[in-house]
Amino acid sequence: PFKEGSDLIQRARNTAKEFSFSKRCMALFDIAKTNRNPQLRPQLPICTTRIAPIQRLLVSMLRMKKSYVEYFDKNSARVENLKESERVQKLKLPSAGWETLVEFESIANRCAVLSFFSQNEKQMLAGYTLVIKNGLINELKSGHLMVLDIDDMMSNPSANTNNTDLPRVRKAVNTFSDIGKTAVRRAIDELNER
């Protein structure tokens with residue numbers, strides 16, 4: 001088990017669930033308007049075992065990171081009772097958690113391609129699945145991954161209109177957080193086993 005990684009993903013799911021309700025979502029959208037962020041509902045994954053829904057969840061949250069951070073900062077200060085304060089603190093991601101989510105998204109983004117083809121195009125690509133898988137393993141082992149450029153996304157949110165053209169930068173895996181490095185190793189091991 002990868003407790004640190006699964007806890008972080010569960011925290012992201014819980015945050016997405018929190019903002020899937022209209023009143024909280026509208027409060028988040030008000031902050032997004034002020035920040036000129038896109039107003040995106042978090043894409044809460046129904047299927048928790050597939051990689052593509054988790055990747056879409058992470059992208060939807062990372063695109064509105066600034067709004068989430070501001071929402072939690074504002075509402076943490078206003079919370080009057082202990083129970084509500086504990087609820088907000090359980091949802092609030094530390095800044096290192098956001099960076100680790102960026103790293104997780106880069107791994108999930110690459111793995112989702114293989115997952116999609118192996119689930120949907122099995123008969124058409126049967127002979128190429130091994131080639132695609134080995135290419136993915138080599139990419140993960142290369143020491144660098146393309147991660148979302150959060151700074152660019154936050155400074156120029158209107159330029160990023162959909163999830164396919166989001167800005168990415170090359171990041172050395174050895175600069176990943178410990179949890180991010182573990183996630184890369186586990187992804188490689190998992191691909192080798194399949």
# chains A, B, ... in the order shown; residues from 1 in each chain; ligands from 1
>>> residues_around(residues="stretch 138-152 of chain A", least_positions_apart="5", cutoff="6 Å", atoms="only C-alpha atoms", output="list of chain:residue names")
A:Ser106, A:Pro167, A:Arg168, A:Val169, A:Arg170, A:Lys171, A:Ala172, A:Val173
>>> atom_distance(atom1="atom CA of A:Ile188", atom2="atom CA of A:Ile46")
25.3 Å
>>> closest_residue(among="A:Ile51, A:Leu40, A:Leu8, A:Ala32", to="A:Tyr71", atoms="only C-alpha atoms")
A:Ala32
>>> atom_distance(atom1="atom CA of A:Glu105", atom2="atom CA of A:Asn75")
26.9 Å
>>> closest_residue(among="A:Val59, A:Val131, A:Ala183, A:Ala112", to="A:Pro1", atoms="only C-alpha atoms")
A:Ala183
>>> closest_atom_pairs(of="stretch 32-80 of chain A", to="stretch 17-21 of chain A", cutoff="10 Å", atoms="only C-alpha atoms", output="CSV")
residue,atom,partner,partner_atom,distance
A:Arg41,CA,A:Ser20,CA,6.6
A:Pro42,CA,A:Ser20,CA,6.8
A:Gln43,CA,A:Ser20,CA,8.5
A:Leu44,CA,A:Lys17,CA,6.5
A:Pro45,CA,A:Lys17,CA,9.5
A:Tyr68,CA,A:Phe19,CA,9.6
>>> closest_residue(among="A:Ile107, A:Met153, A:Ala96, A:Met26", to="A:Leu62", atoms="only C-alpha atoms")
A:Met153
>>> closest_residue(among="A:Ala27, A:Gly97, A:Ser115, A:Gln10", to="A:Ile179", atoms="only C-alpha atoms")
A:Gly97
>>> residues_around(residues="A:Leu91", least_positions_apart="2", cutoff="10 Å", atoms="only C-alpha atoms", output="list in words")
Gln10, Arg11, Ala12, Arg13, Asn14, Thr15, Ala16, Lys17, Glu18, Tyr68, Phe72, Glu86, Arg87, Val88, Gln89, Leu93 and Pro94 of chain A
>>> closest_residue(among="A:Phe29, A:Leu101, A:Pro53, A:Asn156", to="A:Glu70", atoms="only C-alpha atoms")
A:Phe29
>>> closest_residue(among="A:Met64, A:Cys47, A:Ile9, A:Ile132", to="A:Asp30", atoms="only C-alpha atoms")
A:Met64
>>> atom_distance(atom1="atom CA of A:Ser177", atom2="atom CA of A:Arg194")
26.0 Å
>>> select_by_dssp(residues="chain A", states="strand (DSSP E or B)", output="JSON, numbers by chain")
{"A": [144, 145, 146, 147, 148, 168, 169, 170, 171, 172]}
>>> write_last_selection(atoms="N, CA, C and O atoms", output="PDB file, in the first residue's frame")
ATOM      1  N   HIS A 144      12.920  12.680 -16.398  1.00  0.00           N
ATOM      2  CA  HIS A 144      12.198  13.945 -16.574  1.00  0.00           C
ATOM      3  C   HIS A 144      10.762  13.652 -16.993  1.00  0.00           C
ATOM      4  O   HIS A 144      10.528  12.743 -17.784  1.00  0.00           O
ATOM      5  N   LEU A 145       9.833  14.438 -16.459  1.00  0.00           N
ATOM      6  CA  LEU A 145       8.439  14.343 -16.879  1.00  0.00           C
ATOM      7  C   LEU A 145       7.921  15.741 -17.175  1.00  0.00           C
ATOM      8  O   LEU A 145       8.404  16.722 -16.611  1.00  0.00           O
ATOM      9  N   MET A 146       6.932  15.806 -18.039  1.00  0.00           N
ATOM     10  CA  MET A 146       6.288  17.078 -18.353  1.00  0.00           C
ATOM     11  C   MET A 146       5.169  17.306 -17.341  1.00  0.00           C
ATOM     12  O   MET A 146       4.208  16.556 -17.310  1.00  0.00           O
ATOM     13  N   VAL A 147       5.342  18.324 -16.505  1.00  0.00           N
ATOM     14  CA  VAL A 147       4.348  18.631 -15.474  1.00  0.00           C
ATOM     15  C   VAL A 147       3.604  19.911 -15.850  1.00  0.00           C
ATOM     16  O   VAL A 147       4.121  20.742 -16.607  1.00  0.00           O
ATOM     17  N   LEU A 148       2.401  20.061 -15.317  1.00  0.00           N
ATOM     18  CA  LEU A 148       1.633  21.277 -15.570  1.00  0.00           C
ATOM     19  C   LEU A 148       2.393  22.482 -15.028  1.00  0.00           C
ATOM     20  O   LEU A 148       2.937  22.442 -13.929  1.00  0.00           O
ATOM     21  N   ARG A 168       2.888  23.005 -20.096  1.00  0.00           N
ATOM     22  CA  ARG A 168       3.680  22.039 -19.327  1.00  0.00           C
ATOM     23  C   ARG A 168       5.152  22.422 -19.402  1.00  0.00           C
ATOM     24  O   ARG A 168       5.591  23.036 -20.365  1.00  0.00           O
ATOM     25  N   VAL A 169       5.877  22.059 -18.362  1.00  0.00           N
ATOM     26  CA  VAL A 169       7.320  22.273 -18.317  1.00  0.00           C
ATOM     27  C   VAL A 169       7.988  20.952 -17.950  1.00  0.00           C
ATOM     28  O   VAL A 169       7.394  20.096 -17.302  1.00  0.00           O
ATOM     29  N   ARG A 170       9.217  20.820 -18.365  1.00  0.00           N
ATOM     30  CA  ARG A 170       9.997  19.615 -18.080  1.00  0.00           C
ATOM     31  C   ARG A 170      10.544  19.718 -16.656  1.00  0.00           C
ATOM     32  O   ARG A 170      11.133  20.729 -16.280  1.00  0.00           O
ATOM     33  N   LYS A 171      10.319  18.674 -15.870  1.00  0.00           N
ATOM     34  CA  LYS A 171      10.793  18.667 -14.480  1.00  0.00           C
ATOM     35  C   LYS A 171      11.548  17.376 -14.213  1.00  0.00           C
ATOM     36  O   LYS A 171      11.089  16.292 -14.561  1.00  0.00           O
ATOM     37  N   ALA A 172      12.705  17.518 -13.599  1.00  0.00           N
ATOM     38  CA  ALA A 172      13.519  16.346 -13.257  1.00  0.00           C
ATOM     39  C   ALA A 172      12.846  15.570 -12.125  1.00  0.00           C
ATOM     40  O   ALA A 172      12.422  16.157 -11.129  1.00  0.00           O
TER      41      ALA A 172
END
